[in-house]
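Asker: Enclosed is the structure file work_27.cif (mmCIF, C-alpha atoms and all ligand atoms).
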data_target
loop_
_atom_site.label_atom_id
_atom_site.label_comp_id
_atom_site.auth_asym_id
_atom_site.auth_seq_id
_atom_site.Cartn_x
_atom_site.Cartn_y
_atom_site.Cartn_z
CA MET A 1 80.97 133.73 96.65
CA ILE A 2 83.27 130.79 96.21
CA ARG A 3 83.15 128.17 98.91
CA SER A 4 86.09 125.91 99.56
CA GLY A 5 85.04 122.54 98.26
CA ASP A 6 83.01 123.97 95.37
CA GLU A 7 83.57 121.97 92.24
CA HIS A 8 86.14 123.50 89.99
CA PRO A 9 86.75 122.70 86.37
CA ALA A 10 89.85 120.70 85.50
CA THR A 11 91.54 123.78 84.06
CA PRO A 12 92.47 126.74 86.24
CA ASP A 13 90.10 129.66 86.10
CA TRP A 14 89.19 132.81 87.99
CA ARG A 15 87.84 130.88 90.98
CA ASP A 16 91.37 129.82 91.85
CA GLN A 17 92.18 133.42 92.79
CA ALA A 18 88.99 134.17 94.72
CA ALA A 19 89.64 136.19 97.87
CA CYS A 20 86.54 134.75 99.53
CA VAL A 21 87.75 131.17 99.74
CA GLY A 22 87.91 130.35 103.41
CA GLU A 23 85.84 133.38 104.46
CA ASP A 24 82.62 132.95 106.42
CA PRO A 25 79.92 132.22 103.80
CA GLU A 26 77.31 133.88 106.01
CA ILE A 27 78.63 137.34 105.22
CA PHE A 28 78.30 136.70 101.47
CA PHE A 29 74.68 135.58 101.85
CA PRO A 30 73.37 138.19 104.28
CA LEU A 31 69.76 138.45 105.33
CA SER A 32 69.73 142.00 104.03
CA ASP A 33 71.28 143.34 100.83
CA VAL A 34 71.70 146.75 102.41
CA ALA A 35 75.41 147.46 102.28
CA VAL A 36 75.76 150.21 104.83
CA PRO A 37 78.95 150.21 106.94
CA GLY A 38 79.08 147.41 109.50
CA THR A 39 76.61 145.10 107.81
CA GLU A 40 77.50 141.65 106.49
CA ALA A 41 76.93 142.84 102.93
CA SER A 42 79.37 145.67 103.53
CA LEU A 43 82.00 143.29 104.92
CA ALA A 44 81.60 140.98 101.94
CA ARG A 45 81.92 143.84 99.46
CA ALA A 46 85.12 144.99 101.21
CA ILE A 47 86.61 141.53 100.63
CA CYS A 48 85.47 141.62 97.01
CA ARG A 49 87.14 144.98 96.43
CA ARG A 50 90.54 143.48 97.21
CA CYS A 51 89.86 140.40 95.07
CA ALA A 52 91.96 139.95 91.95
CA VAL A 53 89.06 138.40 90.05
CA LEU A 54 86.25 140.81 90.94
CA GLY A 55 85.42 141.54 87.30
CA ALA A 56 85.28 137.91 86.24
CA CYS A 57 83.19 137.01 89.28
CA ARG A 58 80.71 139.82 88.69
CA ALA A 59 80.40 138.96 85.01
CA TRP A 60 79.81 135.30 85.83
CA ALA A 61 77.12 136.13 88.40
CA ILE A 62 75.32 138.45 85.98
CA GLU A 63 75.57 136.01 83.09
CA HIS A 64 74.27 133.13 85.19
CA GLY A 65 71.49 135.09 86.85
CA GLU A 66 72.87 134.53 90.32
CA ASP A 67 70.07 136.04 92.35
CA ASP A 68 71.30 135.63 95.88
CA GLY A 69 74.27 136.88 97.82
CA ILE A 70 77.21 139.16 97.18
CA TRP A 71 79.20 138.43 94.01
CA GLY A 72 81.81 140.73 92.56
CA ALA A 73 81.02 143.38 95.18
CA THR A 74 77.43 143.62 93.99
CA THR A 75 74.16 142.78 95.64
CA ALA A 76 71.47 140.82 93.83
CA ALA A 77 69.49 144.01 93.27
CA GLN A 78 72.51 145.73 91.74
CA ARG A 79 73.12 142.79 89.41
CA ARG A 80 69.49 142.87 88.27
CA VAL A 81 69.90 146.52 87.34
CA ILE A 82 73.11 145.78 85.43
CA ARG A 83 71.51 142.78 83.69
CA ARG A 84 68.51 144.82 82.60
CA ALA A 85 70.68 147.68 81.39
CA THR A 86 72.97 145.43 79.39
CA THR A 87 70.73 142.67 78.07
CA GLU A 88 67.24 144.07 77.61
CA PRO A 89 66.36 146.40 74.75
CA ALA A 90 65.59 149.95 75.70
CA PRO A 91 61.87 150.68 75.77
CA ALA A 92 60.52 152.75 72.93
CA SER A 93 60.19 156.37 73.81
CA GLY A 94 56.58 157.27 74.53
CA ARG A 95 57.00 160.62 72.87
CA TYR A 96 57.88 159.19 69.48
CA ARG A 97 56.24 155.78 69.70
CA GLY A 98 54.15 155.12 66.65
CA GLN A 99 55.61 158.01 64.74
CA ALA A 100 58.03 155.95 62.70
CA GLY A 101 57.44 156.71 59.06
CA ALA A 102 55.19 159.67 59.83
CA SER A 103 55.62 162.41 57.32
CA ARG A 104 56.71 165.85 58.35
CA THR A 105 54.64 168.57 56.86
S1 LIG B 1 84.73 139.16 93.83
FE1 LIG B 1 84.03 138.64 95.90
S2 LIG B 1 82.58 136.95 95.66
FE2 LIG B 1 83.77 137.14 93.75
S3 LIG B 1 85.47 135.70 93.94
FE3 LIG B 1 86.19 137.69 94.64
S4 LIG B 1 85.85 137.76 96.86
FE4 LIG B 1 84.63 136.05 96.02
#
Using the file provided, produce a representation of the structure as structure tokens.
Ligand code: SF4
Answerer:
Amino acid sequence: MIRSGDEHPATPDWRDQAACVGEDPEIFFPLSDVAVPGTEASLARAICRRCAVLGACRAWAIEHGEDDGIWGATTAAQRRVIRRATTEPAPASGRYRGQAGASRT
């Protein structure tokens, strides 16, 4: 969620096209992450879906571990799932764990 008045770098970037500038910040930092119709989270995600820089915003929030609010039409919980799926190694399979190098006879 980009607030008007947030510091921007000297060069233009994705924040300059953010659809949330000027929107009520409260809807982007709802008390509940539940995004069912009519909730603040749902309203925020609707604004995000018409935002030209949704992808850049979401990537930034995931990369920077933004753990509060709606960014790139995702809740904090959704970003944690994406972060885990894309940055953490997959756990070893329990079925084959410890079998590396085992001979087949
Ligand atoms: S995707 Fe949503 S939170 Fe991100 S800049 Fe656009 S409107 Fe703002």
Asker: Which one of A:Ala59, A:Leu31, A:Met1, A:Val21 sits closest to ligand LIG 1 (chain B) if you count only C-alpha atoms and all ligand atoms?
Answerer: A:Met1
Asker: Counting only C-alpha atoms and all ligand atoms, what residues are within 9 Å of ligand LIG 1 (chain B), given as a VMD selection string?
Answerer: chain A and resid 1 to 3 14 to 21 23 28 44 to 58 61 69 to 74
Asker: Nearest to Ala76 in chain A: which of A:Glu88, A:Asp33, A:Gly38, A:Ile27 is it, counting all atoms listed in the file?
Answerer: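 The answer is A:Asp33, which sits nearest to Ala76 in chain A.
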Asker: Report, in Å to a single decimal, how far apart CA of Thr39 in chain A and CA of His64 in chain A are.
Answerer: 25.7 Å
Asker: CA of Glu26 in chain A and CA of Arg80 in chain A, how far apart in Å?
Answerer: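 Value for the CA of Arg80 in chain A-CA of Glu26 in chain A distance: 21.4 Å.
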Asker: Using Å and a single decimal, report how far CA of Ile62 in chain A sits from CA of Ala85 in chain A.
Answerer: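 These atoms are spaced 11.3 Å apart.
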Asker: Would you mind putting back N, CA and C atoms on range 24-49 of chain A, then writing it out as a PDB file, keeping the file's coordinate frame?
Answerer:
ATOM      1  N   ASP A  24      83.918 133.397 105.905  1.00  0.00           N
ATOM      2  CA  ASP A  24      82.620 132.950 106.420  1.00  0.00           C
ATOM      3  C   ASP A  24      81.549 133.146 105.347  1.00  0.00           C
ATOM      4  N   PRO A  25      80.939 132.074 104.846  1.00  0.00           N
ATOM      5  CA  PRO A  25      79.920 132.220 103.800  1.00  0.00           C
ATOM      6  C   PRO A  25      78.728 133.069 104.232  1.00  0.00           C
ATOM      7  N   GLU A  26      78.478 133.129 105.527  1.00  0.00           N
ATOM      8  CA  GLU A  26      77.310 133.880 106.010  1.00  0.00           C
ATOM      9  C   GLU A  26      77.368 135.354 105.609  1.00  0.00           C
ATOM     10  N   ILE A  27      78.565 135.912 105.557  1.00  0.00           N
ATOM     11  CA  ILE A  27      78.630 137.340 105.220  1.00  0.00           C
ATOM     12  C   ILE A  27      78.366 137.565 103.729  1.00  0.00           C
ATOM     13  N   PHE A  28      78.554 136.540 102.909  1.00  0.00           N
ATOM     14  CA  PHE A  28      78.300 136.700 101.470  1.00  0.00           C
ATOM     15  C   PHE A  28      76.846 136.395 101.108  1.00  0.00           C
ATOM     16  N   PHE A  29      76.111 135.820 102.049  1.00  0.00           N
ATOM     17  CA  PHE A  29      74.680 135.580 101.850  1.00  0.00           C
ATOM     18  C   PHE A  29      73.921 136.184 103.023  1.00  0.00           C
ATOM     19  N   PRO A  30      73.986 137.513 103.126  1.00  0.00           N
ATOM     20  CA  PRO A  30      73.370 138.190 104.280  1.00  0.00           C
ATOM     21  C   PRO A  30      71.843 138.181 104.180  1.00  0.00           C
ATOM     22  N   LEU A  31      71.219 138.370 105.316  1.00  0.00           N
ATOM     23  CA  LEU A  31      69.760 138.450 105.330  1.00  0.00           C
ATOM     24  C   LEU A  31      69.281 139.707 104.627  1.00  0.00           C
ATOM     25  N   SER A  32      70.094 140.744 104.680  1.00  0.00           N
ATOM     26  CA  SER A  32      69.730 142.000 104.030  1.00  0.00           C
ATOM     27  C   SER A  32      70.807 142.384 103.024  1.00  0.00           C
ATOM     28  N   ASP A  33      70.367 142.868 101.866  1.00  0.00           N
ATOM     29  CA  ASP A  33      71.280 143.340 100.830  1.00  0.00           C
ATOM     30  C   ASP A  33      71.811 144.737 101.122  1.00  0.00           C
ATOM     31  N   VAL A  34      71.290 145.386 102.135  1.00  0.00           N
ATOM     32  CA  VAL A  34      71.700 146.750 102.410  1.00  0.00           C
ATOM     33  C   VAL A  34      73.168 146.752 102.830  1.00  0.00           C
ATOM     34  N   ALA A  35      73.961 147.486 102.071  1.00  0.00           N
ATOM     35  CA  ALA A  35      75.410 147.460 102.280  1.00  0.00           C
ATOM     36  C   ALA A  35      75.913 148.717 102.963  1.00  0.00           C
ATOM     37  N   VAL A  36      75.273 149.068 104.060  1.00  0.00           N
ATOM     38  CA  VAL A  36      75.760 150.210 104.830  1.00  0.00           C
ATOM     39  C   VAL A  36      76.902 149.715 105.726  1.00  0.00           C
ATOM     40  N   PRO A  37      77.796 150.623 106.150  1.00  0.00           N
ATOM     41  CA  PRO A  37      78.950 150.210 106.940  1.00  0.00           C
ATOM     42  C   PRO A  37      78.559 149.360 108.152  1.00  0.00           C
ATOM     43  N   GLY A  38      79.301 148.275 108.347  1.00  0.00           N
ATOM     44  CA  GLY A  38      79.080 147.410 109.500  1.00  0.00           C
ATOM     45  C   GLY A  38      78.184 146.220 109.226  1.00  0.00           C
ATOM     46  N   THR A  39      77.476 146.232 108.115  1.00  0.00           N
ATOM     47  CA  THR A  39      76.610 145.100 107.810  1.00  0.00           C
ATOM     48  C   THR A  39      77.415 143.980 107.156  1.00  0.00           C
ATOM     49  N   GLU A  40      76.817 142.783 107.137  1.00  0.00           N
ATOM     50  CA  GLU A  40      77.500 141.650 106.490  1.00  0.00           C
ATOM     51  C   GLU A  40      77.748 141.954 105.018  1.00  0.00           C
ATOM     52  N   ALA A  41      76.765 142.532 104.358  1.00  0.00           N
ATOM     53  CA  ALA A  41      76.930 142.840 102.930  1.00  0.00           C
ATOM     54  C   ALA A  41      78.106 143.789 102.721  1.00  0.00           C
ATOM     55  N   SER A  42      78.268 144.721 103.627  1.00  0.00           N
ATOM     56  CA  SER A  42      79.370 145.670 103.530  1.00  0.00           C
ATOM     57  C   SER A  42      80.716 144.971 103.732  1.00  0.00           C
ATOM     58  N   LEU A  43      80.770 144.048 104.686  1.00  0.00           N
ATOM     59  CA  LEU A  43      82.000 143.290 104.920  1.00  0.00           C
ATOM     60  C   LEU A  43      82.356 142.455 103.694  1.00  0.00           C
ATOM     61  N   ALA A  44      81.365 141.808 103.129  1.00  0.00           N
ATOM     62  CA  ALA A  44      81.600 140.980 101.940  1.00  0.00           C
ATOM     63  C   ALA A  44      82.111 141.829 100.782  1.00  0.00           C
ATOM     64  N   ARG A  45      81.501 142.987 100.585  1.00  0.00           N
ATOM     65  CA  ARG A  45      81.920 143.840  99.460  1.00  0.00           C
ATOM     66  C   ARG A  45      83.342 144.361  99.689  1.00  0.00           C
ATOM     67  N   ALA A  46      83.741 144.558 100.937  1.00  0.00           N
ATOM     68  CA  ALA A  46      85.120 144.990 101.210  1.00  0.00           C
ATOM     69  C   ALA A  46      86.103 143.889 100.812  1.00  0.00           C
ATOM     70  N   ILE A  47      85.754 142.644 101.060  1.00  0.00           N
ATOM     71  CA  ILE A  47      86.610 141.530 100.630  1.00  0.00           C
ATOM     72  C   ILE A  47      86.661 141.479  99.111  1.00  0.00           C
ATOM     73  N   CYS A  48      85.519 141.639  98.480  1.00  0.00           N
ATOM     74  CA  CYS A  48      85.470 141.620  97.010  1.00  0.00           C
ATOM     75  C   CYS A  48      86.364 142.704  96.407  1.00  0.00           C
ATOM     76  N   ARG A  49      86.375 143.866  97.023  1.00  0.00           N
ATOM     77  CA  ARG A  49      87.140 144.980  96.430  1.00  0.00           C
ATOM     78  C   ARG A  49      88.636 144.725  96.430  1.00  0.00           C
TER      79      ARG A  49
END
